[in-house]
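> Contents of start-v3.txt (compact mmCIF, C-alpha atoms) are given next:
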# COMPACT_ATOMS: atom_id res chain seq x y z
CA MET A 1 8.12 -11.95 -8.25
CA ARG A 2 5.53 -12.66 -5.57
CA ALA A 3 4.35 -16.07 -4.46
CA GLY A 4 2.38 -17.55 -1.61
CA LEU A 5 4.29 -20.21 0.32
CA PRO A 6 3.13 -22.54 3.11
CA ASP A 7 3.71 -21.05 6.54
CA ARG A 8 6.07 -23.79 7.76
CA PRO A 9 9.80 -24.12 8.39
CA GLY A 10 11.83 -24.78 5.25
CA ALA A 11 9.30 -23.58 2.68
CA LEU A 12 11.46 -20.64 1.60
CA ALA A 13 14.57 -22.84 1.66
CA GLU A 14 12.91 -25.23 -0.81
CA LEU A 15 12.20 -22.35 -3.17
CA ALA A 16 15.77 -21.07 -2.80
CA ALA A 17 17.16 -24.52 -3.57
CA ALA A 18 14.95 -24.81 -6.67
CA CYS A 19 16.18 -21.41 -7.85
CA GLY A 20 19.79 -22.45 -7.32
CA ARG A 21 19.37 -25.64 -9.36
CA ALA A 22 17.82 -23.64 -12.21
CA GLY A 23 20.56 -20.99 -12.22
CA VAL A 24 18.25 -18.29 -10.86
CA ASN A 25 19.91 -15.83 -8.49
CA ILE A 26 17.88 -14.36 -5.58
CA GLN A 27 18.91 -10.74 -5.06
CA THR A 28 16.40 -9.46 -2.47
CA VAL A 29 13.66 -11.01 -0.34
CA GLN A 30 10.68 -9.51 1.49
CA VAL A 31 8.33 -11.64 3.57
CA PHE A 32 4.72 -10.61 4.27
CA PRO A 33 3.14 -12.81 6.99
CA GLY A 34 -0.33 -14.22 6.48
CA GLU A 35 -2.53 -16.81 8.16
CA ALA A 36 -2.07 -20.19 6.44
CA THR A 37 0.47 -18.87 3.94
CA VAL A 38 3.06 -16.12 3.68
CA THR A 39 3.67 -13.92 0.66
CA ASP A 40 7.29 -13.74 -0.42
CA GLU A 41 8.51 -11.03 -2.75
CA LEU A 42 11.79 -11.82 -4.47
CA VAL A 43 13.92 -9.95 -6.95
CA LEU A 44 15.34 -12.66 -9.19
CA GLN A 45 18.05 -12.64 -11.83
CA VAL A 46 17.02 -15.28 -14.35
CA PRO A 47 18.75 -16.59 -17.52
CA HIS A 48 18.35 -14.04 -20.31
CA ASP A 49 16.11 -16.29 -22.43
CA TRP A 50 13.63 -17.11 -19.67
CA THR A 51 9.95 -16.21 -19.93
CA GLN A 52 7.53 -15.40 -17.13
CA ASP A 53 5.83 -18.76 -17.72
CA GLN A 54 9.10 -20.58 -17.05
CA LEU A 55 9.56 -18.66 -13.83
CA ARG A 56 6.04 -19.49 -12.72
CA GLU A 57 6.66 -23.19 -13.45
CA LEU A 58 9.79 -23.09 -11.32
CA VAL A 59 8.03 -21.50 -8.36
CA ASP A 60 4.95 -23.73 -8.72
CA GLY A 61 7.22 -26.77 -8.63
CA ALA A 62 8.74 -25.54 -5.36
CA GLY A 63 5.33 -25.22 -3.67
CA GLY A 64 4.51 -21.64 -4.55
CA GLU A 65 0.94 -20.46 -5.11
CA THR A 66 -0.66 -17.38 -6.70
CA VAL A 67 2.56 -16.52 -8.49
CA SER A 68 2.93 -13.14 -10.17
CA ALA A 69 6.01 -11.89 -11.97
CA VAL A 70 6.84 -8.54 -13.56
CA PRO A 71 10.06 -6.99 -14.91
CA VAL A 72 12.17 -5.53 -12.13
CA THR A 73 12.09 -1.80 -11.36
CA THR A 74 14.82 0.38 -9.90
CA ALA A 75 12.75 0.85 -6.75
CA ALA A 76 12.59 -2.89 -6.15
CA LEU A 77 16.39 -2.97 -5.87
CA GLU A 78 16.49 -0.23 -3.24
CA ASP A 79 16.62 -0.91 0.48
CA GLN A 80 12.96 -1.00 1.51
CA PRO A 81 13.27 0.59 4.99
CA THR A 82 15.20 3.42 3.33
CA ARG A 83 12.36 3.88 0.83
CA TYR A 84 9.85 4.25 3.66
CA VAL A 85 12.01 6.79 5.48
CA GLN A 86 12.37 8.81 2.28
CA ALA A 87 8.62 8.59 1.68
CA VAL A 88 7.88 9.90 5.17
CA ARG A 89 10.32 12.77 4.64
CA SER A 90 8.60 13.70 1.37
CA ILE A 91 5.14 13.55 2.94
CA VAL A 92 6.10 15.69 5.93
CA ALA A 93 7.64 18.30 3.60
CA GLN A 94 4.69 18.30 1.19
CA PRO A 95 1.57 16.44 2.42
CA ALA A 96 -0.33 17.08 -0.83
CA THR A 97 2.08 14.74 -2.64
CA PHE A 98 0.83 11.80 -0.57
CA PRO A 99 -1.05 10.09 -3.45
CA ASP A 100 1.99 10.15 -5.71
CA VAL A 101 4.43 9.16 -2.95
CA ALA A 102 2.24 6.26 -1.82
CA ALA A 103 1.79 5.00 -5.37
CA HIS A 104 5.55 5.03 -5.95
CA LEU A 105 6.22 3.37 -2.60
CA PHE A 106 3.86 0.47 -3.31
CA ASP A 107 4.73 0.16 -7.03
CA ALA A 108 1.17 1.15 -7.88
CA GLU A 109 -0.77 3.73 -9.91
CA VAL A 110 -3.16 6.49 -8.88
CA ALA A 111 -5.06 6.66 -12.18
CA PRO A 112 -8.23 4.53 -12.48
CA SER A 113 -7.95 1.56 -14.81
CA THR A 114 -10.42 -0.69 -16.60
CA ALA A 115 -8.14 -3.67 -15.97
CA HIS A 116 -8.73 -6.12 -13.12
CA VAL A 117 -6.61 -4.64 -10.36
CA ASP A 118 -6.43 -4.60 -6.59
CA VAL A 119 -7.29 -1.31 -4.87
CA LEU A 120 -5.70 0.03 -1.69
CA GLU A 121 -7.74 2.79 -0.07
CA MET A 122 -6.33 5.23 2.48
CA THR A 123 -8.35 7.76 4.47
CA VAL A 124 -6.76 10.98 5.72
CA GLY A 125 -8.34 13.01 8.49
CA GLY A 126 -11.48 10.88 8.44
CA SER A 127 -12.74 12.41 5.19
CA ALA A 128 -10.20 12.56 2.34
CA THR A 129 -9.91 9.24 0.51
CA ILE A 130 -6.95 8.25 -1.64
CA GLN A 131 -6.88 5.12 -3.80
CA ILE A 132 -3.93 3.44 -5.48
CA ARG A 133 -4.12 0.41 -7.76
CA ARG A 134 -1.97 -2.37 -9.15
CA ASP A 135 -2.33 -5.83 -10.68
CA THR A 136 -0.52 -7.65 -7.84
CA PRO A 137 -2.75 -7.96 -4.75
CA PHE A 138 -1.78 -5.84 -1.76
CA THR A 139 -0.79 -7.83 1.32
CA THR A 140 -2.21 -7.26 4.79
CA THR A 141 1.17 -5.88 5.87
CA GLU A 142 1.17 -3.34 3.03
CA ARG A 143 -2.34 -2.23 3.93
CA GLN A 144 -1.24 -1.71 7.52
CA ARG A 145 1.76 0.32 6.36
CA ALA A 146 -0.48 2.43 4.13
CA ALA A 147 -2.87 3.09 7.02
CA ALA A 148 0.06 4.23 9.17
CA LEU A 149 1.22 6.60 6.42
CA ALA A 150 -2.30 8.03 6.07
CA GLU A 151 -2.42 8.58 9.83
CA LEU A 152 0.91 10.42 9.62
CA VAL A 153 -0.43 12.67 6.85
CA GLY A 154 -3.49 13.46 8.96
CA GLU A 155 -1.31 14.43 11.91
CA VAL A 156 0.90 16.65 9.74
CA LEU A 157 -2.13 18.36 8.22
CA ASP A 158 -3.72 18.87 11.63
CA ALA A 159 -0.59 20.69 12.72
CA GLN A 160 -0.72 23.07 9.77
CA ALA A 161 -4.45 23.21 9.04
CA PRO A 162 -5.96 26.64 8.41
CA PRO A 163 -8.45 27.94 10.98
CA SER A 164 -12.14 27.25 10.62
CA PRO A 165 -14.05 29.50 8.22
CA GLN A 166 -14.21 33.00 9.63
CA GLN A 167 -17.54 34.45 10.58
CA PRO A 168 -18.37 38.00 9.47
CA GLY A 169 -17.03 40.56 11.89
CA ALA A 170 -14.79 43.56 12.16
CA GLY A 171 -11.94 43.22 9.73
CA ASP A 172 -13.19 39.91 8.33
CA PRO A 173 -14.29 39.38 4.71
CA GLU A 174 -17.94 39.37 3.74
CA PHE A 175 -18.93 36.32 1.71
CA VAL A 176 -21.42 37.02 -1.06
CA THR A 177 -23.01 34.38 -3.29
CA THR A 178 -24.28 35.50 -6.69
CA GLY A 179 -25.42 32.62 -8.85
CA ALA A 180 -22.42 30.38 -9.51
CA VAL A 181 -19.94 32.80 -7.93
CA VAL A 182 -18.96 33.25 -4.29
CA SER A 183 -16.84 36.30 -3.48
CA ALA A 184 -14.96 37.21 -0.31
CA LEU A 185 -15.02 41.00 -0.02
CA ALA A 186 -12.78 42.89 2.38
CA GLY A 187 -12.69 46.68 2.46
CA GLY A 188 -14.33 46.89 -0.94
CA LYS A 189 -11.72 44.61 -2.52
CA VAL A 190 -11.97 40.96 -3.56
CA ALA A 191 -9.98 38.79 -1.14
CA GLY A 192 -11.05 35.55 -2.78
CA ARG A 193 -13.42 34.07 -5.31
CA ALA A 194 -14.91 30.67 -6.13
CA GLU A 195 -17.05 29.72 -9.11
CA TYR A 196 -18.62 26.46 -10.26
CA THR A 197 -19.37 25.46 -13.85
CA PRO A 198 -22.35 23.15 -14.56
CA ALA A 199 -21.24 19.90 -16.20
CA GLY A 200 -24.32 17.73 -16.57
CA GLY A 201 -23.80 14.31 -15.01
CA GLU A 202 -20.07 14.86 -14.50
CA PRO A 203 -18.47 16.45 -11.42
CA TRP A 204 -18.83 20.24 -11.69
CA PRO A 205 -15.46 22.03 -11.94
CA VAL A 206 -14.76 24.67 -9.32
CA ASP A 207 -12.29 27.50 -9.82
CA LEU A 208 -11.10 28.89 -6.49
CA TRP A 209 -8.68 31.72 -5.83
CA VAL A 210 -7.56 33.51 -2.63
CA ASP A 211 -5.43 36.64 -2.46
CA PRO A 212 -2.04 35.68 -0.97
CA ALA A 213 -2.53 38.32 1.73
CA TRP A 214 -5.51 36.28 2.99
CA HIS A 215 -3.88 32.84 2.91
CA ARG A 216 -4.20 30.66 6.03
CA ARG A 217 -7.05 32.73 7.43
CA GLY A 218 -9.90 30.38 6.58
CA VAL A 219 -11.00 32.28 3.47
CA GLY A 220 -10.46 29.38 1.05
CA THR A 221 -12.24 26.97 3.36
CA ARG A 222 -15.28 29.25 3.63
CA LEU A 223 -15.31 29.84 -0.15
CA LEU A 224 -15.17 26.08 -0.77
CA ALA A 225 -18.02 25.41 1.64
CA ASP A 226 -20.20 28.17 0.18
CA VAL A 227 -19.58 27.32 -3.47
CA ALA A 228 -20.26 23.64 -2.73
CA ARG A 229 -23.64 24.56 -1.24
CA ALA A 230 -24.40 26.81 -4.19
CA ALA A 231 -23.54 24.02 -6.64
CA ARG A 232 -25.65 21.57 -4.64
CA GLY A 233 -28.58 23.97 -4.82
CA ALA A 234 -28.13 24.13 -8.60
CA GLY A 235 -28.28 20.34 -8.92
CA ALA A 236 -24.69 19.10 -8.62
CA ASP A 237 -23.84 15.83 -6.88
CA GLU A 238 -20.05 16.27 -7.02
CA ILE A 239 -17.59 19.08 -7.54
CA VAL A 240 -13.97 18.81 -8.62
CA LEU A 241 -11.00 21.04 -7.88
CA THR A 242 -7.70 20.92 -9.72
CA ALA A 243 -4.45 22.54 -8.68
CA PRO A 244 -0.72 22.20 -9.35
CA SER A 245 0.70 19.19 -7.53
CA ASP A 246 2.97 21.40 -5.42
CA THR A 247 0.04 23.37 -3.97
CA LYS A 248 0.13 22.98 -0.19
CA ALA A 249 -3.28 24.44 0.71
CA VAL A 250 -5.75 22.20 -1.14
CA LEU A 251 -5.72 19.11 1.07
CA PRO A 252 -5.81 21.05 4.40
CA MET A 253 -8.60 23.23 3.00
CA VAL A 254 -10.77 20.24 2.07
CA LEU A 255 -10.23 18.64 5.48
CA ALA A 256 -10.99 21.91 7.31
CA ALA A 257 -14.24 22.25 5.38
CA GLY A 258 -15.33 18.84 6.72
CA MET A 259 -16.03 17.40 3.28
CA ARG A 260 -15.42 13.92 1.94
CA GLY A 261 -13.11 14.00 -1.06
CA ARG A 262 -11.25 11.59 -3.32
CA ILE A 263 -7.77 12.80 -4.12
CA ARG A 264 -5.69 11.84 -7.14
CA MET A 265 -2.37 13.11 -8.39
CA ALA A 266 -1.42 12.68 -12.04
CA GLY A 267 1.78 14.29 -13.26
CA ASP A 268 1.79 17.93 -12.22
CA THR A 269 -1.92 18.07 -11.34
CA LEU A 270 -3.71 17.39 -8.08
CA THR A 271 -7.41 16.58 -8.47
CA VAL A 272 -9.94 16.51 -5.63
CA ARG A 273 -13.47 15.18 -6.23
CA ILE A 274 -15.90 16.09 -3.45
CA ALA A 275 -19.32 14.54 -2.97
CA ILE A 276 -21.83 17.22 -1.96
CA THR A 277 -25.09 15.29 -1.94
CA ASP A 278 -25.27 15.53 1.87
CA LEU A 279 -24.84 19.31 1.92
CA ARG A 280 -27.83 21.50 2.43
CA ALA A 281 -28.28 24.19 -0.20
Take the structure in this file and express it as structure tokens.

Amino acid sequence: MRAGLPDRPGALAELAAACGRAGVNIQTVQVFPGEATVTDELVLQVPHDWTQDQLRELVDGAGGETVSAVPVTTAALEDQPTRYVQAVRSIVAQPATFPDVAAHLFDAEVAPSTAHVDVLEMTVGGSATIQIRRDTPFTTTERQRAAALAELVGEVLDAQAPPSPQQPGAGDPEFVTTGAVVSALAGGKVAGRAEYTPAGGEPWPVDLWVDPAWHRRGVGTRLLADVARAARGAGADEIVLTAPSDTKAVLPMVLAAGMRGRIRMAGDTLTVRIAITDLRA
């Protein structure tokens, strides 16, 4: 349960006393400072026949405002500093999982919803944007924590980012654009390939592949940049890439190409939508 309480001594004690009189046990407490009020998050054990409306009446009667209550999750019972440490460990090991890790950490969702929800937006490397959503409003403290996590992801990706797209030269691939296809040719063999598919008013899907022998040499970044320009010249406003969620190269590749993308992870799939309206064909 979350509730806004007056920022004065004793406000939380009044709520605790009201819970005690009603037979409601407080199991955990988190406090998020505000200006005139603070937001308190409590995990409560209530009588088995209680409804959410009864809980809201209890908190309202103790001076609470903007009360929201949902069934408890396993994550809510875990030690919160431990959760953040585990999240950082996961992000450092696999930066591309950031959307999913952040959503789990903040008890949110990455998938868009038609419901009225609050959105928390995080920007990685100045260009890649990640959004998570939930019904309960995000506090200022949570937004600050999310910004710090996004900054960490950017630093990790900077440390392992592929080099800038290679320019043609001795031993380097030659990049050839033919219609919707961009090929990276090295020694008469295909080192990589990217192809867009027109999709009307929807983002145009891009299929991109790089030979493992050419990984981390800027080939994917150059292919992405060239196929984006080709798609823009054909009339696309956005392109979309999909990859398995455990793919490590997608996020660094998008950042290295200097493009603005919106990243979403759903299940085993990582999706990156990239606006290309500012690219020159």
> For a quick check of understanding, using all atoms listed in the file, which of A:Gly20, A:Ala108, A:Asn25, A:Val38 has the smallest distance to Asp7 in chain A?
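The answer is A:Val38, which sits nearest to Asp7 in chain A.
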> Between A:Asp118, A:Asp158, A:Glu174, A:Asp100, single out the one closest to Ala191 in chain A, counting only C-alpha atoms.
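The closest residue to Ala191 in chain A is A:Glu174.
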> Contacts of Val227 in chain A at 9 Å or less, counting only C-alpha atoms, minus same-chain residues fewer than 5 places along, as a PyMOL selection string?
chain A and resi 177+180-182+194-196+206+222+232
> Work out how far CA of Thr66 in chain A is from CA of Thr123 in chain A, in Å to one decimal.
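Between these atoms lies a distance of 28.6 Å.
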> Work out how far apart CA of Asp40 in chain A and CA of Ile91 in chain A are and give it in Å to one decimal.
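Straight-line distance from CA of Asp40 in chain A to CA of Ile91 in chain A works out to 27.6 Å.
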> Out of A:Gln144, A:Gln52, A:Thr37, A:Thr269, which residue has the shortest atom-to-atom distance to Leu12 in chain A when counting only C-alpha atoms?
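Nearest to Leu12 in chain A: A:Thr37.
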> Give the answer as one residue: which of A:Ala146, A:Pro47, A:Pro33, A:Ala159 has the shortest atom-to-atom distance to Tyr84 in chain A, using all atoms listed in the file?
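Selected residue with least distance to Tyr84 in chain A: A:Ala146.
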> From the options A:Ser90, A:Thr242, A:Gln131, A:Gln54, which residue's atoms come nearest to Asp207 in chain A, counting all atoms listed in the file?
A:Thr242
> Just give me the gap between CA of Leu241 in chain A and CA of Arg143 in chain A in Å, one decimal is fine.
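Between CA of Leu241 in chain A and CA of Arg143 in chain A the gap works out to 27.5 Å.
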> Hey, can you pull every residue with an atom no more than 7 Å from (18.2, -18.9, -13.9), using only C-alpha atoms, and send it as a PDB file with C-alpha atoms, in the frame of the given file?

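Written output follows (point_34.pdb):
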ATOM      1  CA  CYS A  19      16.180 -21.410  -7.850  1.00  0.00           C
ATOM      2  CA  ALA A  22      17.820 -23.640 -12.210  1.00  0.00           C
ATOM      3  CA  GLY A  23      20.560 -20.990 -12.220  1.00  0.00           C
ATOM      4  CA  VAL A  24      18.250 -18.290 -10.860  1.00  0.00           C
ATOM      5  CA  ASN A  25      19.910 -15.830  -8.490  1.00  0.00           C
ATOM      6  CA  GLN A  45      18.050 -12.640 -11.830  1.00  0.00           C
ATOM      7  CA  VAL A  46      17.020 -15.280 -14.350  1.00  0.00           C
ATOM      8  CA  PRO A  47      18.750 -16.590 -17.520  1.00  0.00           C
TER       9      PRO A  47
END
> Counting only C-alpha atoms, what is within 12 Å of Asp53 in chain A, bar same-chain residues fewer than 3 positions away, as a tab-separated table (two decimals) with C-alpha atoms, keeping the file's coordinate frame?

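Here's the written file around_28.tsv:
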chain	number	residue	atom	x	y	z
A	1	MET	CA	8.12	-11.95	-8.25
A	49	ASP	CA	16.11	-16.29	-22.43
A	50	TRP	CA	13.63	-17.11	-19.67
A	56	ARG	CA	6.04	-19.49	-12.72
A	57	GLU	CA	6.66	-23.19	-13.45
A	58	LEU	CA	9.79	-23.09	-11.32
A	59	VAL	CA	8.03	-21.50	-8.36
A	60	ASP	CA	4.95	-23.73	-8.72
A	67	VAL	CA	2.56	-16.52	-8.49
A	68	SER	CA	2.93	-13.14	-10.17
A	69	ALA	CA	6.01	-11.89	-11.97
A	70	VAL	CA	6.84	-8.54	-13.56
> Using the file's own x, y and z axes, so that the box edges lie along x, y and z, what centre and edge lengths in Å (one decimal) does a box around every listed atom of range 138-149 of chain A get when 8 Å is added on each side? Give it as JSON.

{"center_x": -0.6, "center_y": -0.6, "center_z": 3.7, "size_x": 20.6, "size_y": 30.4, "size_z": 26.9}
> Compute the distance from (1.2, 5.5, -2.7) to each atom, counting only C-alpha atoms, keep the residues with any atom at most 10 Å away, and return them as a list in words; use the coordinates of the file.
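Here the neighbourhood of the point contains Ala87, Thr97, Phe98, Pro99, Asp100, Val101, Ala102, Ala103, His104, Leu105, Phe106, Asp107, Ala108, Glu109, Val110, Leu120, Glu121, Met122, Ile130, Gln131, Ile132, Arg133, Ala146, Leu149 and Ala150 of chain A.
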> Under the rule that only C-alpha atoms are counted, which of A:Ala243, A:Ala148, A:Leu208, A:Ala249 is the nearest residue to Arg264 in chain A?
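Of the candidates, the smallest distance to Arg264 in chain A is held by A:Ala243.
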> As a PDB file with C-alpha atoms, in the coordinates of the input, please: the residues near range 127-129 of chain A (cut-off 12 Å, only C-alpha atoms, same-chain neighbours under 4 positions excluded).

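Output file part_10.pdb is given in full below:
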ATOM      1  CA  ALA A  96      -0.330  17.080  -0.830  1.00  0.00           C
ATOM      2  CA  PHE A  98       0.830  11.800  -0.570  1.00  0.00           C
ATOM      3  CA  PRO A  99      -1.050  10.090  -3.450  1.00  0.00           C
ATOM      4  CA  VAL A 110      -3.160   6.490  -8.880  1.00  0.00           C
ATOM      5  CA  LEU A 120      -5.700   0.030  -1.690  1.00  0.00           C
ATOM      6  CA  GLU A 121      -7.740   2.790  -0.070  1.00  0.00           C
ATOM      7  CA  MET A 122      -6.330   5.230   2.480  1.00  0.00           C
ATOM      8  CA  THR A 123      -8.350   7.760   4.470  1.00  0.00           C
ATOM      9  CA  ALA A 147      -2.870   3.090   7.020  1.00  0.00           C
ATOM     10  CA  ALA A 150      -2.300   8.030   6.070  1.00  0.00           C
ATOM     11  CA  GLU A 151      -2.420   8.580   9.830  1.00  0.00           C
ATOM     12  CA  VAL A 153      -0.430  12.670   6.850  1.00  0.00           C
ATOM     13  CA  GLY A 154      -3.490  13.460   8.960  1.00  0.00           C
ATOM     14  CA  LEU A 157      -2.130  18.360   8.220  1.00  0.00           C
ATOM     15  CA  VAL A 250      -5.750  22.200  -1.140  1.00  0.00           C
ATOM     16  CA  LEU A 251      -5.720  19.110   1.070  1.00  0.00           C
ATOM     17  CA  PRO A 252      -5.810  21.050   4.400  1.00  0.00           C
ATOM     18  CA  MET A 253      -8.600  23.230   3.000  1.00  0.00           C
ATOM     19  CA  VAL A 254     -10.770  20.240   2.070  1.00  0.00           C
ATOM     20  CA  LEU A 255     -10.230  18.640   5.480  1.00  0.00           C
ATOM     21  CA  ALA A 256     -10.990  21.910   7.310  1.00  0.00           C
ATOM     22  CA  ALA A 257     -14.240  22.250   5.380  1.00  0.00           C
ATOM     23  CA  GLY A 258     -15.330  18.840   6.720  1.00  0.00           C
ATOM     24  CA  MET A 259     -16.030  17.400   3.280  1.00  0.00           C
ATOM     25  CA  ARG A 260     -15.420  13.920   1.940  1.00  0.00           C
ATOM     26  CA  GLY A 261     -13.110  14.000  -1.060  1.00  0.00           C
ATOM     27  CA  ARG A 262     -11.250  11.590  -3.320  1.00  0.00           C
ATOM     28  CA  ILE A 263      -7.770  12.800  -4.120  1.00  0.00           C
ATOM     29  CA  ARG A 264      -5.690  11.840  -7.140  1.00  0.00           C
ATOM     30  CA  THR A 271      -7.410  16.580  -8.470  1.00  0.00           C
ATOM     31  CA  VAL A 272      -9.940  16.510  -5.630  1.00  0.00           C
ATOM     32  CA  ARG A 273     -13.470  15.180  -6.230  1.00  0.00           C
ATOM     33  CA  ILE A 274     -15.900  16.090  -3.450  1.00  0.00           C
ATOM     34  CA  ALA A 275     -19.320  14.540  -2.970  1.00  0.00           C
TER      35      ALA A 275
END
